[in-house]
Amino acid sequence: MATNITDGVGHICPGPMKATSNGAFQGDDPLHFALPLAILQICLVLVVTRLLAFLMKPLRQPRVIAEIIGGILLGPSALGRNQMYISKIFPPKSLTVLETLANLGLLFFLFLAGLELDPKSIRRTGKKALMIAMAGISFPFALGIGSSFVLRQTISKDVNSAAFLVFMGVALSITAFPVLARILAELKLLTTDIGRMAMSAAAVNDVAAWILLALAVALSGTGQSPLISLWVFLSGCIFVICCILIVPPIFKWMALRCHEGEPVDEVYICSTLAAVLAAGFVTDTIGIHAMFGAFVIGILVPKDGPLAGALVEKVEDLVSGLFLPLYFVSSGLKTNIATIRGLQSWGLFVLVTVTACFGKIVGTVLVSLFCKVPFREAVTLGFLMNTKGLVELIVLNIGKDRNVLNDQTFSIMVLMAVFTTFITTPVVIAVYKPAKRAILANYKYRTVERENPDTQLRILACFHSTRNVASLLNLLEASRGTEKREKLSVYALHLMELSERSSAILMVHKARRNGLPFWHKGHRSDSSNIVVAFETYGQLGRVSIKPMTSISSMSDMHEDVCSTAESKRAAIIILPFHKHQKLDGSLEVTRSDFRWVNKRVLEHATCSVGIFVDRGLGGNSHVAASNVSCFVTVLFFGGQDDREALAYGSRMADHPGISLMVIRFLVEPNIAGHNTIVNVESGSSTTNSSSLDNDVLTNFKKTKANNNTIKYEEKPVENSEQVISTIREIGNCNLFLVGRSPVGEIALALNKRSECPELGPVGSLLTSPDFSTAASVLVVQQYNGQVPLDLDSISGQDLTDGE
């Protein structure tokens, strides 16, 4: 173990820590060695910050708030008051290693932040957003300088006056672009005019803040001569100019050699990361923080093509999930709320917080009103622009390290950042309440079943990835019907998750190029393969297809689906099942979150819903209309959902390449009434349901009597085993159409086998491992104008996978 060292003045300095220990069995304490202690610190940080993030999720707070508060709790403000804890877990001699790891994480995070900012989108910023951004910077910057005079007269004496003025101005004028994007997504405002304006203004604000911070860092040097600060700033400008001239051509050369659908060569990834580290070394040598170099490289990386995505994929999870929280802890270890004591200190905290909020909010509101933004939206915009975050902490930490901010001022500013960000979400919810969507008078057809089957059918087809696009297109082709019907209208909605990952913001940028809301408008050279596939299919004469993208968190993705279906007047929503087929034919879970999305859509949709279990319908590629050859089977037990499945199958049967079989299961008279009947249709009796079923089937047989591609059979059955045996006998079936909640004694018997309540008893049977079939399944729930029954109460089990 390293010994302590005495300096020339007589102070005892802790010696450097060895990297690894020989183990506890050989008498070494792991907490006295750098690596095991760093591992313990990282684990502790992850547990605390993730627990706080989970607890704050109901409050709809961004994760950065939990991480800042977690850092403060682990520092001297809370747990650090225990001297044994602080000396064992965060001893002074370990802080160098901790801060090195934290700053390395910060370096690469700022590179990712640069990737988030698209210079092209900033150049396209409208005059209104630009004016709001400039007001959101200049007004609070001026007030920050004003408040700095008060602080210098009280708690911040003997500091570099010029650097202190600029640091205070920057700290009060910052808007955290990544944090704001996630708050907007959480509040479902990303696709609104106010969301677009806030994002554009915040992007401009972000760039301006970095320029001002570079100026503040240059001014905060310890040199006595002002010329040194000037040289630092000029050298930084020369570095940026050189990067702009040299770096983009190299990255463009790399990007041209990275092709869509192919893995990016490891050489390009390593070269880019090396360039990030080299740029950080240069800016640190100049006297500006190393993160500036990383940020500049991030901005200059091309946002189009697979290179940016591959870089994010390689770097993001490790940096954002593991190393960046260490930065919040290193900040928390410098934050001691106990230093804010006495009426004067708390009065200064109130002054700084009010000044920060007043400058941002009032400046933004005044300019927004000048730009003829409605008052309520202007106030909302003001609070949104008042969002702080990681950038604020970076400013404060640099100020603390450069001795521009003392302990008390630093603690006051950290609390101000937490408070201003924390109030954003609840205030915006209270202030901004968009007018409720008017009931669409012409939203007439909310189901596939209707009096006139030749009217236009509108389908909202949802998908998560490219995996099921081919099968989905084949399903839509089968739904097209004949020439006599009105053109089929399809809205293909790509459901993308907006997470805490930086790539989510990169995704927002790509979607914003197609306008907001995220509907793709026209053909674009940068359209994804998915969009191209749907647009190509849309060239067919009898299909109108519009690819769209929705970006939201998993917890409220169902809201996007339901609201889009209502705004587009869809008759049915088709959702992908949460399991996909493996090579051996079995189904495995893709993501259990998708199951909850499906459950909520079933509960809240204002039209019919279908869940599509894909087993390769039509093969692995889209089948042309002239080559369609598909055998579809409708399993009919009774009830409104089965009638909806029959209506869908009847429409499919009009396609020249589709053969349809309808099997109606009848209960043998000798067992009828012996079992309890579950009535799933609120307000209607089983007798009425049976009467409706008979009427629908009679009409179906009458209208389809001359169609040789349709077969209708009635199967008397006594028990569920006979039902299963009948279904097994069906050969060469490509697609089963079933209702989610069939009615009758036999359906009740099958319900005991249900493993997936969202699929109902028949759907669960057709997807169970015990039932061998290569056919895809579409499980349909008909809209009845009421909230459907809770799925869990039907099945007696929750939707958590048992796998």
# chains A, B, ... in the order shown; residues from 1 in each chain; ligands from 1
>>> residues_around(residues="region 56-64 of chain A", least_positions_apart="4", cutoff="8 Å", atoms="only C-alpha atoms", output="number ranges by chain")
A: 52, 68, 179, 182-183, 186, 389-390, 422, 425, 500
>>> residues_around(residues="Ala102 (chain A)", least_positions_apart="2", cutoff="10 Å", atoms="only C-alpha atoms", output="list in words")
Thr96, Val97, Leu98, Glu99, Thr100, Leu104, Gly105, Leu106, Leu107, Val319, Leu322, Phe323, Leu324, Pro325, Leu326, Tyr327, Phe328, Val329, Ser330 and Ser331 of chain A
>>> write_last_selection(atoms="N, CA and C atoms", output="PDB file, in the first residue's frame")
ATOM      1  N   THR A  96      -9.434  11.803  -7.676  1.00  0.00           N
ATOM      2  CA  THR A  96      -8.750  12.010  -8.962  1.00  0.00           C
ATOM      3  C   THR A  96      -9.194  10.967  -9.983  1.00  0.00           C
ATOM      4  N   VAL A  97      -9.233   9.693  -9.546  1.00  0.00           N
ATOM      5  CA  VAL A  97      -9.679   8.617 -10.441  1.00  0.00           C
ATOM      6  C   VAL A  97     -11.137   8.821 -10.821  1.00  0.00           C
ATOM      7  N   LEU A  98     -11.964   9.152  -9.823  1.00  0.00           N
ATOM      8  CA  LEU A  98     -13.396   9.353 -10.070  1.00  0.00           C
ATOM      9  C   LEU A  98     -13.633  10.483 -11.067  1.00  0.00           C
ATOM     10  N   GLU A  99     -12.961  11.602 -10.883  1.00  0.00           N
ATOM     11  CA  GLU A  99     -13.166  12.752 -11.764  1.00  0.00           C
ATOM     12  C   GLU A  99     -12.579  12.509 -13.146  1.00  0.00           C
ATOM     13  N   THR A 100     -11.518  11.713 -13.221  1.00  0.00           N
ATOM     14  CA  THR A 100     -10.968  11.364 -14.541  1.00  0.00           C
ATOM     15  C   THR A 100     -11.970  10.547 -15.333  1.00  0.00           C
ATOM     16  N   LEU A 104     -13.946  11.769 -18.640  1.00  0.00           N
ATOM     17  CA  LEU A 104     -13.865  10.973 -19.865  1.00  0.00           C
ATOM     18  C   LEU A 104     -15.272  10.677 -20.392  1.00  0.00           C
ATOM     19  N   GLY A 105     -16.178  10.339 -19.462  1.00  0.00           N
ATOM     20  CA  GLY A 105     -17.574  10.144 -19.851  1.00  0.00           C
ATOM     21  C   GLY A 105     -18.177  11.421 -20.398  1.00  0.00           C
ATOM     22  N   LEU A 106     -17.857  12.546 -19.756  1.00  0.00           N
ATOM     23  CA  LEU A 106     -18.367  13.844 -20.219  1.00  0.00           C
ATOM     24  C   LEU A 106     -17.843  14.165 -21.613  1.00  0.00           C
ATOM     25  N   LEU A 107     -16.583  13.844 -21.860  1.00  0.00           N
ATOM     26  CA  LEU A 107     -15.970  14.103 -23.163  1.00  0.00           C
ATOM     27  C   LEU A 107     -16.772  13.426 -24.279  1.00  0.00           C
ATOM     28  N   VAL A 319     -21.461   5.272 -22.106  1.00  0.00           N
ATOM     29  CA  VAL A 319     -21.195   6.632 -21.626  1.00  0.00           C
ATOM     30  C   VAL A 319     -22.373   7.163 -20.823  1.00  0.00           C
ATOM     31  N   LEU A 322     -23.276   4.582 -17.758  1.00  0.00           N
ATOM     32  CA  LEU A 322     -22.278   4.191 -16.761  1.00  0.00           C
ATOM     33  C   LEU A 322     -21.408   5.351 -16.292  1.00  0.00           C
ATOM     34  N   PHE A 323     -20.794   6.058 -17.248  1.00  0.00           N
ATOM     35  CA  PHE A 323     -19.797   7.066 -16.858  1.00  0.00           C
ATOM     36  C   PHE A 323     -20.405   8.441 -16.549  1.00  0.00           C
ATOM     37  N   LEU A 324     -21.452   8.808 -17.290  1.00  0.00           N
ATOM     38  CA  LEU A 324     -21.996  10.156 -17.074  1.00  0.00           C
ATOM     39  C   LEU A 324     -22.561  10.361 -15.671  1.00  0.00           C
ATOM     40  N   PRO A 325     -23.280   9.365 -15.091  1.00  0.00           N
ATOM     41  CA  PRO A 325     -23.731   9.568 -13.702  1.00  0.00           C
ATOM     42  C   PRO A 325     -22.603   9.890 -12.735  1.00  0.00           C
ATOM     43  N   LEU A 326     -21.376   9.435 -13.057  1.00  0.00           N
ATOM     44  CA  LEU A 326     -20.242   9.776 -12.197  1.00  0.00           C
ATOM     45  C   LEU A 326     -19.991  11.277 -12.184  1.00  0.00           C
ATOM     46  N   TYR A 327     -20.313  11.934 -13.297  1.00  0.00           N
ATOM     47  CA  TYR A 327     -20.115  13.383 -13.350  1.00  0.00           C
ATOM     48  C   TYR A 327     -21.058  14.090 -12.377  1.00  0.00           C
ATOM     49  N   PHE A 328     -22.278  13.563 -12.268  1.00  0.00           N
ATOM     50  CA  PHE A 328     -23.237  14.156 -11.333  1.00  0.00           C
ATOM     51  C   PHE A 328     -22.785  13.926  -9.899  1.00  0.00           C
ATOM     52  N   VAL A 329     -22.163  12.784  -9.645  1.00  0.00           N
ATOM     53  CA  VAL A 329     -21.667  12.518  -8.291  1.00  0.00           C
ATOM     54  C   VAL A 329     -20.489  13.416  -7.972  1.00  0.00           C
ATOM     55  N   SER A 330     -19.580  13.586  -8.945  1.00  0.00           N
ATOM     56  CA  SER A 330     -18.443  14.480  -8.693  1.00  0.00           C
ATOM     57  C   SER A 330     -18.932  15.904  -8.441  1.00  0.00           C
ATOM     58  N   SER A 331     -20.042  16.289  -9.114  1.00  0.00           N
ATOM     59  CA  SER A 331     -20.643  17.601  -8.831  1.00  0.00           C
ATOM     60  C   SER A 331     -21.266  17.606  -7.443  1.00  0.00           C
TER      61      SER A 331
END
>>> residues_around(residues="Gly287 (chain A)", least_positions_apart="5", cutoff="12 Å", atoms="only C-alpha atoms", output="PyMOL selection string")
chain A and resi 214-223+228-236+239+280-282+292-293+398+402
>>> closest_residue(among="A:Leu415, A:Val490, A:Leu110, A:Val365", to="His289 (chain A)", atoms="only C-alpha atoms")
A:Leu110
>>> residues_around(residues="Val601 (chain A)", least_positions_apart="5", cutoff="8 Å", atoms="only C-alpha atoms", output="ChimeraX atom specification")
/A:558-559,561-562,609
>>> residues_around(residues="Ser629 (chain A)", least_positions_apart="6", cutoff="12 Å", atoms="only C-alpha atoms", output="compact mmCIF listing (two decimals) with C-alpha atoms, in the first residue's frame")
# COMPACT_ATOMS: atom_id res chain seq x y z
CA ASN A 474 -48.95 -8.78 -47.93
CA LEU A 475 -51.72 -8.48 -45.35
CA GLU A 477 -52.63 -6.37 -50.27
CA ALA A 478 -55.04 -9.11 -49.19
CA LEU A 617 -47.37 -14.31 -44.42
CA GLY A 618 -46.54 -14.52 -48.14
CA GLY A 619 -42.88 -15.29 -47.48
CA VAL A 623 -45.87 -10.46 -53.17
CA MET A 652 -60.37 -10.35 -48.39
CA ALA A 653 -62.35 -12.98 -50.32
CA HIS A 655 -59.34 -10.40 -53.94
CA PRO A 656 -58.78 -12.71 -56.94
CA GLY A 657 -55.81 -14.40 -55.24
CA ILE A 658 -57.56 -15.18 -51.93
CA SER A 659 -59.45 -18.37 -51.03
CA LEU A 660 -61.64 -18.15 -47.92
CA THR A 709 -63.25 -19.39 -53.83
CA ASN A 732 -52.39 -25.23 -46.18
CA CYS A 733 -53.89 -22.28 -44.29
CA ASN A 734 -51.87 -19.06 -44.58
CA LEU A 735 -53.91 -16.81 -42.30
>>> atom_distance(atom1="CA of Arg595 (chain A)", atom2="CA of Ile611 (chain A)")
10.3 Å
>>> select_by_dssp(residues="region 350-451 of chain A", states="alpha helix (DSSP H)", output="ChimeraX atom specification")
/A:350-370,375-385,390-401,407-431
>>> closest_atom_pairs(of="region 109-161 of chain A", to="region 342-349 of chain A", cutoff="12 Å", atoms="only C-alpha atoms", output="CSV")
residue,atom,partner,partner_atom,distance
A:Ser147,CA,A:Leu348,CA,9.1
A:Ser148,CA,A:Leu348,CA,10.5
A:Phe149,CA,A:Leu348,CA,11.7
A:Val150,CA,A:Leu348,CA,8.5
A:Leu151,CA,A:Leu348,CA,7.5
A:Arg152,CA,A:Leu348,CA,11.2
A:Gln153,CA,A:Leu348,CA,11.3
A:Thr154,CA,A:Gln344,CA,8.5
A:Ile155,CA,A:Ser345,CA,8.1
A:Ser156,CA,A:Leu348,CA,11.3
>>> closest_residue(among="A:Phe375, A:Asp593, A:Met416, A:Asp556", to="Val352 (chain A)", atoms="only C-alpha atoms")
A:Met416
>>> residues_around(residues="region 271-275 of chain A", least_positions_apart="5", cutoff="12 Å", atoms="only C-alpha atoms", output="compact mmCIF listing (two decimals) with N, CA, C and O atoms, in the first residue's frame")
# COMPACT_ATOMS: atom_id res chain seq x y z
N LEU A 104 -13.95 11.77 -18.64
CA LEU A 104 -13.86 10.97 -19.86
C LEU A 104 -15.27 10.68 -20.39
O LEU A 104 -15.53 10.77 -21.60
N LEU A 107 -16.58 13.84 -21.86
CA LEU A 107 -15.97 14.10 -23.16
C LEU A 107 -16.77 13.43 -24.28
O LEU A 107 -17.15 14.07 -25.27
N PHE A 108 -17.06 12.14 -24.09
CA PHE A 108 -17.79 11.41 -25.13
C PHE A 108 -19.27 11.78 -25.14
O PHE A 108 -19.92 11.72 -26.18
N PHE A 109 -19.81 12.17 -23.98
CA PHE A 109 -21.21 12.61 -23.99
C PHE A 109 -21.36 13.91 -24.78
O PHE A 109 -22.35 14.10 -25.49
N PHE A 111 -19.52 14.72 -27.22
CA PHE A 111 -19.44 14.30 -28.62
C PHE A 111 -20.83 13.86 -29.11
O PHE A 111 -21.26 14.24 -30.21
N LEU A 112 -21.56 13.10 -28.28
CA LEU A 112 -22.92 12.69 -28.63
C LEU A 112 -23.85 13.90 -28.70
O LEU A 112 -24.73 13.96 -29.56
N CYS A 243 -10.84 22.89 -37.78
CA CYS A 243 -11.70 21.70 -37.78
C CYS A 243 -12.74 21.79 -38.88
O CYS A 243 -13.01 20.81 -39.59
N ILE A 246 -10.90 21.11 -42.21
CA ILE A 246 -10.20 19.83 -42.41
C ILE A 246 -11.10 18.62 -42.16
O ILE A 246 -11.10 17.65 -42.93
N VAL A 247 -11.87 18.65 -41.07
CA VAL A 247 -12.58 17.45 -40.61
C VAL A 247 -13.73 17.02 -41.53
O VAL A 247 -13.83 15.83 -41.87
N PRO A 248 -14.66 17.92 -41.97
CA PRO A 248 -15.81 17.45 -42.77
C PRO A 248 -15.46 16.64 -44.01
O PRO A 248 -16.10 15.60 -44.25
N ILE A 250 -13.00 14.64 -44.50
CA ILE A 250 -12.58 13.30 -44.06
C ILE A 250 -13.80 12.46 -43.67
O ILE A 250 -13.93 11.29 -44.06
N PHE A 251 -14.72 13.07 -42.90
CA PHE A 251 -15.92 12.35 -42.49
C PHE A 251 -16.83 12.03 -43.68
O PHE A 251 -17.46 10.97 -43.72
N MET A 254 -15.48 9.02 -45.26
CA MET A 254 -15.86 7.83 -44.49
C MET A 254 -17.32 7.47 -44.75
O MET A 254 -17.66 6.29 -44.95
N ALA A 255 -18.19 8.49 -44.72
CA ALA A 255 -19.63 8.24 -44.86
C ALA A 255 -19.96 7.60 -46.20
O ALA A 255 -20.86 6.76 -46.30
N ASP A 265 -17.46 -0.28 -40.90
CA ASP A 265 -16.11 -0.80 -40.66
C ASP A 265 -15.58 -0.27 -39.34
O ASP A 265 -15.69 0.93 -39.03
N GLU A 266 -14.98 -1.16 -38.56
CA GLU A 266 -14.46 -0.79 -37.24
C GLU A 266 -13.39 0.29 -37.32
O GLU A 266 -13.23 1.09 -36.39
N GLY A 280 -9.98 16.75 -27.95
CA GLY A 280 -10.05 17.08 -26.52
C GLY A 280 -8.68 17.45 -25.97
O GLY A 280 -8.54 18.39 -25.18
N PHE A 281 -7.64 16.73 -26.40
CA PHE A 281 -6.28 17.02 -25.96
C PHE A 281 -5.85 18.42 -26.43
O PHE A 281 -5.26 19.19 -25.66
N VAL A 282 -6.18 18.76 -27.68
CA VAL A 282 -5.78 20.07 -28.22
C VAL A 282 -6.46 21.20 -27.46
O VAL A 282 -5.80 22.17 -27.06
N GLY A 293 -13.45 20.35 -27.65
CA GLY A 293 -12.96 19.67 -28.85
C GLY A 293 -13.87 18.52 -29.25
O GLY A 293 -14.18 18.34 -30.44
N ALA A 294 -14.32 17.74 -28.26
CA ALA A 294 -15.22 16.62 -28.54
C ALA A 294 -16.54 17.12 -29.11
O ALA A 294 -17.10 16.52 -30.04
N PHE A 295 -17.05 18.22 -28.56
CA PHE A 295 -18.32 18.79 -29.02
C PHE A 295 -18.22 19.24 -30.47
O PHE A 295 -19.12 19.00 -31.29
N VAL A 296 -17.12 19.90 -30.82
CA VAL A 296 -16.91 20.38 -32.20
C VAL A 296 -16.87 19.21 -33.17
O VAL A 296 -17.50 19.25 -34.24
N ILE A 297 -16.15 18.14 -32.82
CA ILE A 297 -16.08 16.95 -33.69
C ILE A 297 -17.47 16.36 -33.87
O ILE A 297 -17.86 15.95 -34.97
N GLY A 298 -18.26 16.30 -32.79
CA GLY A 298 -19.62 15.77 -32.87
C GLY A 298 -20.49 16.54 -33.83
O GLY A 298 -21.27 15.96 -34.59
N LEU A 300 -19.50 18.18 -36.43
CA LEU A 300 -19.01 18.06 -37.80
C LEU A 300 -19.23 16.67 -38.41
O LEU A 300 -19.08 16.50 -39.62
N VAL A 301 -19.59 15.67 -37.59
CA VAL A 301 -19.87 14.34 -38.14
C VAL A 301 -21.17 14.40 -38.95
O VAL A 301 -22.16 14.95 -38.49
N PRO A 302 -21.20 13.86 -40.17
CA PRO A 302 -22.43 13.87 -40.98
C PRO A 302 -23.56 13.14 -40.28
O PRO A 302 -23.36 12.05 -39.73
N LEU A 307 -23.09 6.01 -40.49
CA LEU A 307 -21.92 6.28 -39.65
C LEU A 307 -22.32 6.88 -38.30
O LEU A 307 -21.88 6.42 -37.25
N ALA A 308 -23.18 7.91 -38.33
CA ALA A 308 -23.60 8.56 -37.08
C ALA A 308 -24.34 7.57 -36.19
O ALA A 308 -24.10 7.51 -34.97
N ALA A 310 -24.04 4.30 -36.12
CA ALA A 310 -23.11 3.31 -35.60
C ALA A 310 -22.28 3.89 -34.44
O ALA A 310 -22.03 3.21 -33.44
N LEU A 311 -21.87 5.15 -34.57
CA LEU A 311 -21.10 5.80 -33.51
C LEU A 311 -21.93 5.89 -32.23
O LEU A 311 -21.44 5.60 -31.13
N VAL A 312 -23.18 6.29 -32.39
CA VAL A 312 -24.07 6.40 -31.23
C VAL A 312 -24.26 5.03 -30.58
O VAL A 312 -24.19 4.89 -29.36
N LYS A 314 -22.30 2.45 -30.58
CA LYS A 314 -21.09 1.95 -29.92
C LYS A 314 -20.80 2.69 -28.61
O LYS A 314 -20.34 2.10 -27.64
N VAL A 315 -21.07 3.99 -28.58
CA VAL A 315 -20.60 4.82 -27.47
C VAL A 315 -21.68 5.06 -26.42
O VAL A 315 -21.41 5.11 -25.22
